[in-house]
$ cat protein-v3.pdb   # PDB, C-alpha atoms and all ligand atoms
ATOM      1  CA  MET A  30      90.042  86.136  94.856  1.00  0.00           C
ATOM      2  CA  LYS A  31      89.362  89.527  96.436  1.00  0.00           C
ATOM      3  CA  PRO A  32      89.484  92.544  94.085  1.00  0.00           C
ATOM      4  CA  VAL A  33      92.463  94.799  93.588  1.00  0.00           C
ATOM      5  CA  PHE A  34      91.588  98.306  94.759  1.00  0.00           C
ATOM      6  CA  VAL A  35      92.728 101.046  92.372  1.00  0.00           C
ATOM      7  CA  ILE A  36      92.558 104.244  94.425  1.00  0.00           C
ATOM      8  CA  ASN A  37      92.950 107.658  92.821  1.00  0.00           C
ATOM      9  CA  GLY A  38      93.345 110.782  94.901  1.00  0.00           C
ATOM     10  CA  PRO A  39      92.422 114.427  94.495  1.00  0.00           C
ATOM     11  CA  ASN A  40      91.841 116.022  91.092  1.00  0.00           C
ATOM     12  CA  LEU A  41      92.404 112.788  89.193  1.00  0.00           C
ATOM     13  CA  ASN A  42      88.698 112.921  88.274  1.00  0.00           C
ATOM     14  CA  LEU A  43      89.849 115.703  85.896  1.00  0.00           C
ATOM     15  CA  LEU A  44      92.094 113.369  83.885  1.00  0.00           C
ATOM     16  CA  GLY A  45      91.744 113.960  80.153  1.00  0.00           C
ATOM     17  CA  LEU A  46      89.795 117.166  80.736  1.00  0.00           C
ATOM     18  CA  ARG A  47      92.672 119.549  81.593  1.00  0.00           C
ATOM     19  CA  GLN A  48      96.493 119.628  81.258  1.00  0.00           C
ATOM     20  CA  PRO A  49      96.769 116.798  78.689  1.00  0.00           C
ATOM     21  CA  GLU A  50     100.419 117.824  78.145  1.00  0.00           C
ATOM     22  CA  ILE A  51     101.168 116.546  81.666  1.00  0.00           C
ATOM     23  CA  TYR A  52      98.558 113.888  82.347  1.00  0.00           C
ATOM     24  CA  GLY A  53      97.541 112.696  78.850  1.00  0.00           C
ATOM     25  CA  ALA A  54      94.244 112.606  76.987  1.00  0.00           C
ATOM     26  CA  GLU A  55      92.620 109.566  78.590  1.00  0.00           C
ATOM     27  CA  THR A  56      89.831 110.236  81.070  1.00  0.00           C
ATOM     28  CA  LEU A  57      89.689 108.426  84.402  1.00  0.00           C
ATOM     29  CA  ALA A  58      86.725 106.433  83.031  1.00  0.00           C
ATOM     30  CA  ASP A  59      88.921 105.371  80.061  1.00  0.00           C
ATOM     31  CA  VAL A  60      91.705 104.308  82.430  1.00  0.00           C
ATOM     32  CA  VAL A  61      89.337 102.321  84.648  1.00  0.00           C
ATOM     33  CA  ALA A  62      87.676 100.607  81.665  1.00  0.00           C
ATOM     34  CA  GLY A  63      91.113  99.615  80.336  1.00  0.00           C
ATOM     35  CA  LEU A  64      92.147  98.227  83.727  1.00  0.00           C
ATOM     36  CA  GLN A  65      88.936  96.236  84.077  1.00  0.00           C
ATOM     37  CA  HIS A  66      89.497  94.772  80.612  1.00  0.00           C
ATOM     38  CA  LEU A  67      93.118  93.905  81.436  1.00  0.00           C
ATOM     39  CA  GLY A  68      91.999  92.504  84.776  1.00  0.00           C
ATOM     40  CA  VAL A  69      89.846  89.919  83.006  1.00  0.00           C
ATOM     41  CA  ALA A  70      92.897  88.766  81.007  1.00  0.00           C
ATOM     42  CA  LEU A  71      94.988  88.611  84.196  1.00  0.00           C
ATOM     43  CA  GLY A  72      92.314  86.900  86.290  1.00  0.00           C
ATOM     44  CA  LEU A  73      91.928  89.916  88.588  1.00  0.00           C
ATOM     45  CA  VAL A  74      88.868  91.930  89.547  1.00  0.00           C
ATOM     46  CA  VAL A  75      89.497  95.679  89.585  1.00  0.00           C
ATOM     47  CA  ASP A  76      87.571  97.853  92.047  1.00  0.00           C
ATOM     48  CA  ALA A  77      88.377 101.473  91.151  1.00  0.00           C
ATOM     49  CA  ARG A  78      87.625 104.388  93.482  1.00  0.00           C
ATOM     50  CA  GLN A  79      88.460 108.087  93.415  1.00  0.00           C
ATOM     51  CA  SER A  80      88.082 110.766  96.056  1.00  0.00           C
ATOM     52  CA  ASN A  81      89.121 114.360  96.539  1.00  0.00           C
ATOM     53  CA  HIS A  82      88.923 113.963 100.344  1.00  0.00           C
ATOM     54  CA  GLU A  83      91.825 112.726 102.443  1.00  0.00           C
ATOM     55  CA  GLY A  84      89.646 111.092 105.126  1.00  0.00           C
ATOM     56  CA  GLU A  85      87.629 109.207 102.522  1.00  0.00           C
ATOM     57  CA  ILE A  86      90.809 107.817 101.048  1.00  0.00           C
ATOM     58  CA  VAL A  87      91.988 106.759 104.515  1.00  0.00           C
ATOM     59  CA  GLU A  88      88.662 104.911 104.904  1.00  0.00           C
ATOM     60  CA  MET A  89      89.073 103.243 101.492  1.00  0.00           C
ATOM     61  CA  ILE A  90      92.438 101.943 102.670  1.00  0.00           C
ATOM     62  CA  HIS A  91      90.872 100.720 105.931  1.00  0.00           C
ATOM     63  CA  SER A  92      88.207  98.806 103.997  1.00  0.00           C
ATOM     64  CA  ALA A  93      90.961  97.253 101.887  1.00  0.00           C
ATOM     65  CA  ARG A  94      92.207  95.496 105.054  1.00  0.00           C
ATOM     66  CA  ASN A  95      89.336  93.007 104.694  1.00  0.00           C
ATOM     67  CA  ASP A  96      88.213  93.518 101.135  1.00  0.00           C
ATOM     68  CA  ALA A  97      91.238  93.887  98.808  1.00  0.00           C
ATOM     69  CA  ALA A  98      93.923  91.476  97.611  1.00  0.00           C
ATOM     70  CA  GLY A  99      96.171  94.454  96.852  1.00  0.00           C
ATOM     71  CA  ILE A 100      96.154  98.226  96.407  1.00  0.00           C
ATOM     72  CA  ILE A 101      97.281 100.277  93.433  1.00  0.00           C
ATOM     73  CA  ILE A 102      97.247 103.912  94.481  1.00  0.00           C
ATOM     74  CA  ASN A 103      97.860 107.229  92.827  1.00  0.00           C
ATOM     75  CA  PRO A 104      97.700 109.448  95.899  1.00  0.00           C
ATOM     76  CA  GLY A 105      97.748 112.666  93.847  1.00  0.00           C
ATOM     77  CA  ALA A 106      98.973 115.731  95.700  1.00  0.00           C
ATOM     78  CA  TYR A 107      98.425 113.989  99.066  1.00  0.00           C
ATOM     79  CA  SER A 108     101.505 111.900  98.167  1.00  0.00           C
ATOM     80  CA  HIS A 109     103.594 114.840  99.225  1.00  0.00           C
ATOM     81  CA  THR A 110     101.684 115.834 102.371  1.00  0.00           C
ATOM     82  CA  SER A 111      99.716 113.011 103.955  1.00  0.00           C
ATOM     83  CA  VAL A 112     101.131 111.119 106.924  1.00  0.00           C
ATOM     84  CA  ALA A 113      97.551 109.936 107.645  1.00  0.00           C
ATOM     85  CA  ARG A 114      97.526 108.040 104.375  1.00  0.00           C
ATOM     86  CA  LEU A 115     100.931 106.483 105.096  1.00  0.00           C
ATOM     87  CA  ASP A 116      99.664 105.386 108.528  1.00  0.00           C
ATOM     88  CA  ALA A 117      96.580 103.785 106.930  1.00  0.00           C
ATOM     89  CA  LEU A 118      98.741 101.937 104.378  1.00  0.00           C
ATOM     90  CA  ASN A 119     101.049 100.754 107.150  1.00  0.00           C
ATOM     91  CA  ALA A 120      98.007  99.045 108.718  1.00  0.00           C
ATOM     92  CA  TYR A 121      97.340  97.151 105.462  1.00  0.00           C
ATOM     93  CA  ASP A 122      99.083  93.803 105.015  1.00  0.00           C
ATOM     94  CA  GLY A 123      98.778  93.188 101.244  1.00  0.00           C
ATOM     95  CA  PRO A 124     100.879  94.483  98.351  1.00  0.00           C
ATOM     96  CA  VAL A 125     100.811  98.220  97.638  1.00  0.00           C
ATOM     97  CA  LEU A 126     101.926  99.692  94.315  1.00  0.00           C
ATOM     98  CA  GLU A 127     102.199 103.471  93.876  1.00  0.00           C
ATOM     99  CA  VAL A 128     101.552 105.082  90.497  1.00  0.00           C
ATOM    100  CA  HIS A 129     102.251 108.603  89.304  1.00  0.00           C
ATOM    101  CA  ILE A 130     101.275 109.501  85.767  1.00  0.00           C
ATOM    102  CA  SER A 131     103.945 112.182  85.523  1.00  0.00           C
ATOM    103  CA  ASN A 132     107.585 111.822  86.513  1.00  0.00           C
ATOM    104  CA  ILE A 133     107.397 113.543  89.899  1.00  0.00           C
ATOM    105  CA  HIS A 134     111.219 113.642  90.054  1.00  0.00           C
ATOM    106  CA  LYS A 135     111.389 115.798  86.931  1.00  0.00           C
ATOM    107  CA  ARG A 136     108.915 118.317  88.327  1.00  0.00           C
ATOM    108  CA  GLU A 137     108.941 120.863  91.174  1.00  0.00           C
ATOM    109  CA  ALA A 138     111.048 119.923  94.222  1.00  0.00           C
ATOM    110  CA  PHE A 139     107.959 119.662  96.447  1.00  0.00           C
ATOM    111  CA  ARG A 140     106.776 116.697  94.336  1.00  0.00           C
ATOM    112  CA  HIS A 141     110.020 114.738  94.714  1.00  0.00           C
ATOM    113  CA  HIS A 142     109.114 113.207  98.081  1.00  0.00           C
ATOM    114  CA  SER A 143     106.134 110.877  98.510  1.00  0.00           C
ATOM    115  CA  PHE A 144     105.137 109.633 101.971  1.00  0.00           C
ATOM    116  CA  VAL A 145     103.438 106.643 100.316  1.00  0.00           C
ATOM    117  CA  SER A 146     106.757 105.438  98.870  1.00  0.00           C
ATOM    118  CA  ALA A 147     107.917 104.497 102.393  1.00  0.00           C
ATOM    119  CA  ARG A 148     105.228 101.771 102.335  1.00  0.00           C
ATOM    120  CA  ALA A 149     104.858 100.964  98.631  1.00  0.00           C
ATOM    121  CA  ASP A 150     106.298  97.689  97.369  1.00  0.00           C
ATOM    122  CA  GLY A 151     106.882  99.341  94.000  1.00  0.00           C
ATOM    123  CA  VAL A 152     106.628 102.801  92.458  1.00  0.00           C
ATOM    124  CA  ILE A 153     105.930 103.784  88.847  1.00  0.00           C
ATOM    125  CA  ALA A 154     106.307 107.401  87.739  1.00  0.00           C
ATOM    126  CA  GLY A 155     106.368 109.060  84.346  1.00  0.00           C
ATOM    127  CA  PHE A 156     104.863 106.266  82.247  1.00  0.00           C
ATOM    128  CA  GLY A 157     101.652 108.213  81.642  1.00  0.00           C
ATOM    129  CA  THR A 158      98.366 106.433  82.248  1.00  0.00           C
ATOM    130  CA  MET A 159     100.077 103.249  80.999  1.00  0.00           C
ATOM    131  CA  GLY A 160     101.609 103.132  84.490  1.00  0.00           C
ATOM    132  CA  TYR A 161      98.328 101.831  85.907  1.00  0.00           C
ATOM    133  CA  ALA A 162      98.313  98.879  83.490  1.00  0.00           C
ATOM    134  CA  LEU A 163     101.956  98.131  84.267  1.00  0.00           C
ATOM    135  CA  ALA A 164     101.130  98.187  87.975  1.00  0.00           C
ATOM    136  CA  LEU A 165      98.191  95.820  87.428  1.00  0.00           C
ATOM    137  CA  ARG A 166     100.479  93.388  85.570  1.00  0.00           C
ATOM    138  CA  ARG A 167     102.939  93.562  88.444  1.00  0.00           C
ATOM    139  CA  MET A 168     100.106  93.040  90.931  1.00  0.00           C
ATOM    140  CA  ALA A 169      99.069  89.884  89.047  1.00  0.00           C
ATOM    141  CA  ALA A 170     102.643  88.593  89.265  1.00  0.00           C
ATOM    142  CA  VAL A 171     102.917  89.386  92.982  1.00  0.00           C
ATOM    143  CA  LEU A 172      99.545  87.856  93.833  1.00  0.00           C
ATOM    144  CA  GLY A 173     100.183  84.850  91.604  1.00  0.00           C
ATOM    145  CA  GLY A 174     103.121  83.914  93.812  1.00  0.00           C
TER     146      GLY A 174
HETATM  147  O1  LIG B 201     101.702 112.391  88.317  1.00  0.00           O
HETATM  148  C1  LIG B 201     100.780 112.074  89.081  1.00  0.00           C
HETATM  149  O2  LIG B 201     100.047 111.096  88.864  1.00  0.00           O
HETATM  150  C2  LIG B 201     100.471 112.930  90.304  1.00  0.00           C
HETATM  151  O3  LIG B 201     100.159 112.050  91.391  1.00  0.00           O
HETATM  152  C3  LIG B 201      99.264 113.772  89.941  1.00  0.00           C
HETATM  153  C4  LIG B 201      98.903 114.825  90.989  1.00  0.00           C
HETATM  154  C5  LIG B 201     100.126 115.632  91.410  1.00  0.00           C
HETATM  155  O4  LIG B 201      99.787 116.499  92.483  1.00  0.00           O
HETATM  156  C6  LIG B 201     101.269 114.727  91.848  1.00  0.00           C
HETATM  157  O5  LIG B 201     102.376 115.534  92.176  1.00  0.00           O
HETATM  158  C7  LIG B 201     101.659 113.771  90.725  1.00  0.00           C
HETATM  159  C8  LIG B 201      97.860 115.785  90.451  1.00  0.00           C
HETATM  160  C9  LIG B 201      96.674 115.156  89.840  1.00  0.00           C
HETATM  161  C10 LIG B 201      95.904 116.218  89.130  1.00  0.00           C
HETATM  162  O6  LIG B 201      95.292 115.616  88.036  1.00  0.00           O
HETATM  163  C11 LIG B 201      94.807 116.437  87.078  1.00  0.00           C
HETATM  164  C12 LIG B 201      94.498 115.837  85.885  1.00  0.00           C
HETATM  165  C13 LIG B 201      94.024 116.609  84.868  1.00  0.00           C
HETATM  166  C14 LIG B 201      93.812 117.975  85.031  1.00  0.00           C
HETATM  167  C15 LIG B 201      94.120 118.555  86.238  1.00  0.00           C
HETATM  168  C16 LIG B 201      94.614 117.773  87.273  1.00  0.00           C
END
$ encode --input "protein-v3.pdb" --output "structure tokens" --more "lines below"
Ligand code: CA2
Amino acid sequence: MKPVFVINGPNLNLLGLRQPEIYGAETLADVVAGLQHLGVALGLVVDARQSNHEGEIVEMIHSARNDAAGIIINPGAYSHTSVARLDALNAYDGPVLEVHISNIHKREAFRHHSFVSARADGVIAGFGTMGYALALRRMAAVLGG
């Protein structure tokens, strides 16, 4: 089985280091370690990547076309701005699950729309970092048939 790509966008490398009232106390390394552990239980390999650069994320999504069984993505602020990322996801055939740690619908109006949601097969928002684990469980169910 190919790995599941877990792609985190800009500033998510700061998880656990700033704004814990919004994004929680877990670091990105904690989140990834938890997902890799859960992946073993679910029979999935987790390949986690993070970038602060839009083009790099587009290229991660391109490489997923051959290399990933599915994509779990927290697009960060690019959720609300990036048509390029939506276009890249539209060229990917596998399942795509979108995660937001915070409830973007409870926040500023500019966060209410995500371009990625037009492609995502499911969206989780406001479940804290637990949202990634919930998405991985859903990915296992989707990939398991
Ligand atoms: O709730 C989410 O997961 C977001 O995708 C996070 C983005 C934000 O722009 C989206 O509207 C919603 C921001 C990620 C910034 O992450 C930080 C984490 C800790 C400290 C500072 C930033």
$ residues_around --input "protein-v3.pdb" --residues "segment 69-79 of chain A" --least-positions-apart "6" --cutoff "9 Å" --atoms "all atoms listed in the file" --output "PyMOL selection string"
chain A and resi 30-42+61+86+89+97+165-166+169
$ residues_near_ligand --input "protein-v3.pdb" --ligand "ligand LIG 201 (chain B)" --cutoff "7 Å" --atoms "only C-alpha atoms and all ligand atoms" --output "ChimeraX atom specification"
/A:39-49,52,103-106,108,128-133,140,154-155
$ residues_near_point --input "protein-v3.pdb" --point "(93.3, 94.6, 104.0)" --cutoff "10 Å" --atoms "all atoms listed in the file" --output "list of chain:residue names"
A:Lys31, A:Met89, A:Ile90, A:His91, A:Ser92, A:Ala93, A:Arg94, A:Asn95, A:Asp96, A:Ala97, A:Ala98, A:Gly99, A:Ile100, A:Leu118, A:Ala120, A:Tyr121, A:Asp122, A:Gly123, A:Pro124
$ atom_distance --input "protein-v3.pdb" --atom1 "atom CA of Asp150 of chain A" --atom2 "atom CA of Glu88 of chain A"
20.5 Å
$ atom_distance --input "protein-v3.pdb" --atom1 "atom CA of Asp59 of chain A" --atom2 "atom CA of Ser146 of chain A"
25.9 Å
$ axis_aligned_box --input "protein-v3.pdb" --around "segment 31-44 of chain A" --padding-each-side "5 Å" --output "JSON"
{"center_x": 91.0, "center_y": 102.8, "center_z": 90.2, "size_x": 14.6, "size_y": 36.5, "size_z": 22.6}
$ atom_distance --input "protein-v3.pdb" --atom1 "atom CA of Arg136 of chain A" --atom2 "atom CA of Leu57 of chain A"
22.0 Å
$ closest_residue --input "protein-v3.pdb" --among "A:His109, A:Glu55, A:Leu115, A:Asn81" --to "His141 of chain A" --atoms "all atoms listed in the file"
A:His109
$ closest_residue --input "protein-v3.pdb" --among "A:Leu172, A:Ile101, A:Val152, A:Val87" --to "Asp116 of chain A" --atoms "all atoms listed in the file"
A:Val87
$ closest_residue --input "protein-v3.pdb" --among "A:His134, A:His82, A:Arg114, A:His66" --to "Ala149 of chain A" --atoms "only C-alpha atoms"
A:Arg114
$ closest_residue --input "protein-v3.pdb" --among "A:Val145, A:Leu126, A:Ile153, A:Met159" --to "Ala54 of chain A" --atoms "only C-alpha atoms"
A:Met159
$ closest_residue --input "protein-v3.pdb" --among "A:Glu50, A:Arg148, A:Leu163, A:His142" --to "Thr110 of chain A" --atoms "only C-alpha atoms"
A:His142
$ closest_residue --input "protein-v3.pdb" --among "A:Ala58, A:Ile51, A:Ala117, A:Ala164" --to "Gly84 of chain A" --atoms "all atoms listed in the file"
A:Ala117
$ decode --input "protein-v3.pdb" --residues "segment 57-71 of chain A" --atoms "all heavy atoms" --output "CSV table (one decimal), in the first residue's frame"
chain,number,residue,atom,x,y,z
A,57,LEU,N,4.0,20.1,16.0
A,57,LEU,CA,3.7,19.4,14.8
A,57,LEU,C,4.4,18.0,14.9
A,57,LEU,O,3.9,17.0,14.4
A,57,LEU,CB,4.3,20.1,13.5
A,57,LEU,CG,4.0,19.5,12.2
A,57,LEU,CD1,2.5,19.3,12.0
A,57,LEU,CD2,4.5,20.4,11.1
A,58,ALA,N,5.6,18.0,15.5
A,58,ALA,CA,6.3,16.7,15.7
A,58,ALA,C,5.4,15.7,16.5
A,58,ALA,O,5.4,14.5,16.2
A,58,ALA,CB,7.7,16.9,16.3
A,59,ASP,N,4.8,16.2,17.6
A,59,ASP,CA,3.9,15.4,18.4
A,59,ASP,C,2.7,14.9,17.5
A,59,ASP,O,2.4,13.7,17.6
A,59,ASP,CB,3.2,16.2,19.5
A,59,ASP,CG,4.2,16.7,20.5
A,59,ASP,OD1,5.2,16.1,20.7
A,59,ASP,OD2,3.9,17.8,21.2
A,60,VAL,N,2.1,15.7,16.7
A,60,VAL,CA,1.0,15.3,15.9
A,60,VAL,C,1.5,14.2,14.9
A,60,VAL,O,0.8,13.2,14.8
A,60,VAL,CB,0.4,16.5,15.1
A,60,VAL,CG1,-0.6,16.1,14.1
A,60,VAL,CG2,-0.2,17.5,16.0
A,61,VAL,N,2.6,14.4,14.3
A,61,VAL,CA,3.1,13.5,13.3
A,61,VAL,C,3.4,12.1,14.0
A,61,VAL,O,3.0,11.1,13.4
A,61,VAL,CB,4.3,14.0,12.5
A,61,VAL,CG1,5.0,12.9,11.7
A,61,VAL,CG2,3.9,15.2,11.6
A,62,ALA,N,4.0,12.2,15.1
A,62,ALA,CA,4.4,10.9,15.8
A,62,ALA,C,3.1,10.2,16.2
A,62,ALA,O,3.0,8.9,16.0
A,62,ALA,CB,5.2,11.2,17.1
A,63,GLY,N,2.1,10.9,16.6
A,63,GLY,CA,0.8,10.3,17.0
A,63,GLY,C,0.1,9.6,15.7
A,63,GLY,O,-0.4,8.5,15.8
A,64,LEU,N,0.2,10.3,14.6
A,64,LEU,CA,-0.4,9.8,13.4
A,64,LEU,C,0.4,8.5,12.9
A,64,LEU,O,-0.2,7.6,12.4
A,64,LEU,CB,-0.4,10.8,12.3
A,64,LEU,CG,-1.3,12.0,12.4
A,64,LEU,CD1,-1.2,13.0,11.3
A,64,LEU,CD2,-2.8,11.5,12.5
A,65,GLN,N,1.7,8.6,13.0
A,65,GLN,CA,2.5,7.4,12.6
A,65,GLN,C,2.1,6.2,13.5
A,65,GLN,O,2.0,5.1,13.0
A,65,GLN,CB,4.0,7.7,12.6
A,65,GLN,CG,4.3,8.6,11.3
A,65,GLN,CD,5.6,9.2,11.3
A,65,GLN,OE1,6.3,9.3,12.3
A,65,GLN,NE2,6.0,9.6,10.1
A,66,HIS,N,2.0,6.4,14.8
A,66,HIS,CA,1.6,5.4,15.7
A,66,HIS,C,0.2,4.8,15.3
A,66,HIS,O,0.0,3.6,15.2
A,66,HIS,CB,1.6,6.0,17.1
A,66,HIS,CG,1.4,5.0,18.2
A,66,HIS,ND1,2.4,4.1,18.6
A,66,HIS,CD2,0.3,4.7,19.0
A,66,HIS,CE1,1.9,3.3,19.6
A,66,HIS,NE2,0.7,3.7,19.8
A,67,LEU,N,-0.8,5.7,15.1
A,67,LEU,CA,-2.1,5.3,14.7
A,67,LEU,C,-2.1,4.6,13.4
A,67,LEU,O,-2.8,3.6,13.2
A,67,LEU,CB,-3.0,6.5,14.7
A,67,LEU,CG,-4.5,6.3,14.2
A,67,LEU,CD1,-5.2,5.3,15.2
A,67,LEU,CD2,-5.2,7.6,14.1
A,68,GLY,N,-1.3,5.1,12.5
A,68,GLY,CA,-1.2,4.4,11.2
A,68,GLY,C,-0.8,3.0,11.3
A,68,GLY,O,-1.3,2.1,10.6
A,69,VAL,N,0.1,2.6,12.2
A,69,VAL,CA,0.5,1.2,12.4
A,69,VAL,C,-0.7,0.4,12.7
A,69,VAL,O,-1.0,-0.6,12.2
A,69,VAL,CB,1.6,1.1,13.4
A,69,VAL,CG1,1.9,-0.3,13.8
A,69,VAL,CG2,2.9,1.8,13.0
A,70,ALA,N,-1.5,0.9,13.7
A,70,ALA,CA,-2.7,0.2,14.1
A,70,ALA,C,-3.8,0.1,13.0
A,70,ALA,O,-4.5,-0.9,12.9
A,70,ALA,CB,-3.4,1.0,15.3
A,71,LEU,N,-3.8,1.1,12.1
A,71,LEU,CA,-4.8,1.1,11.0
A,71,LEU,C,-4.2,0.4,9.7
A,71,LEU,O,-5.0,0.3,8.7
A,71,LEU,CB,-5.1,2.5,10.6
A,71,LEU,CG,-5.9,3.3,11.7
A,71,LEU,CD1,-6.0,4.8,11.3
A,71,LEU,CD2,-7.2,2.7,12.0
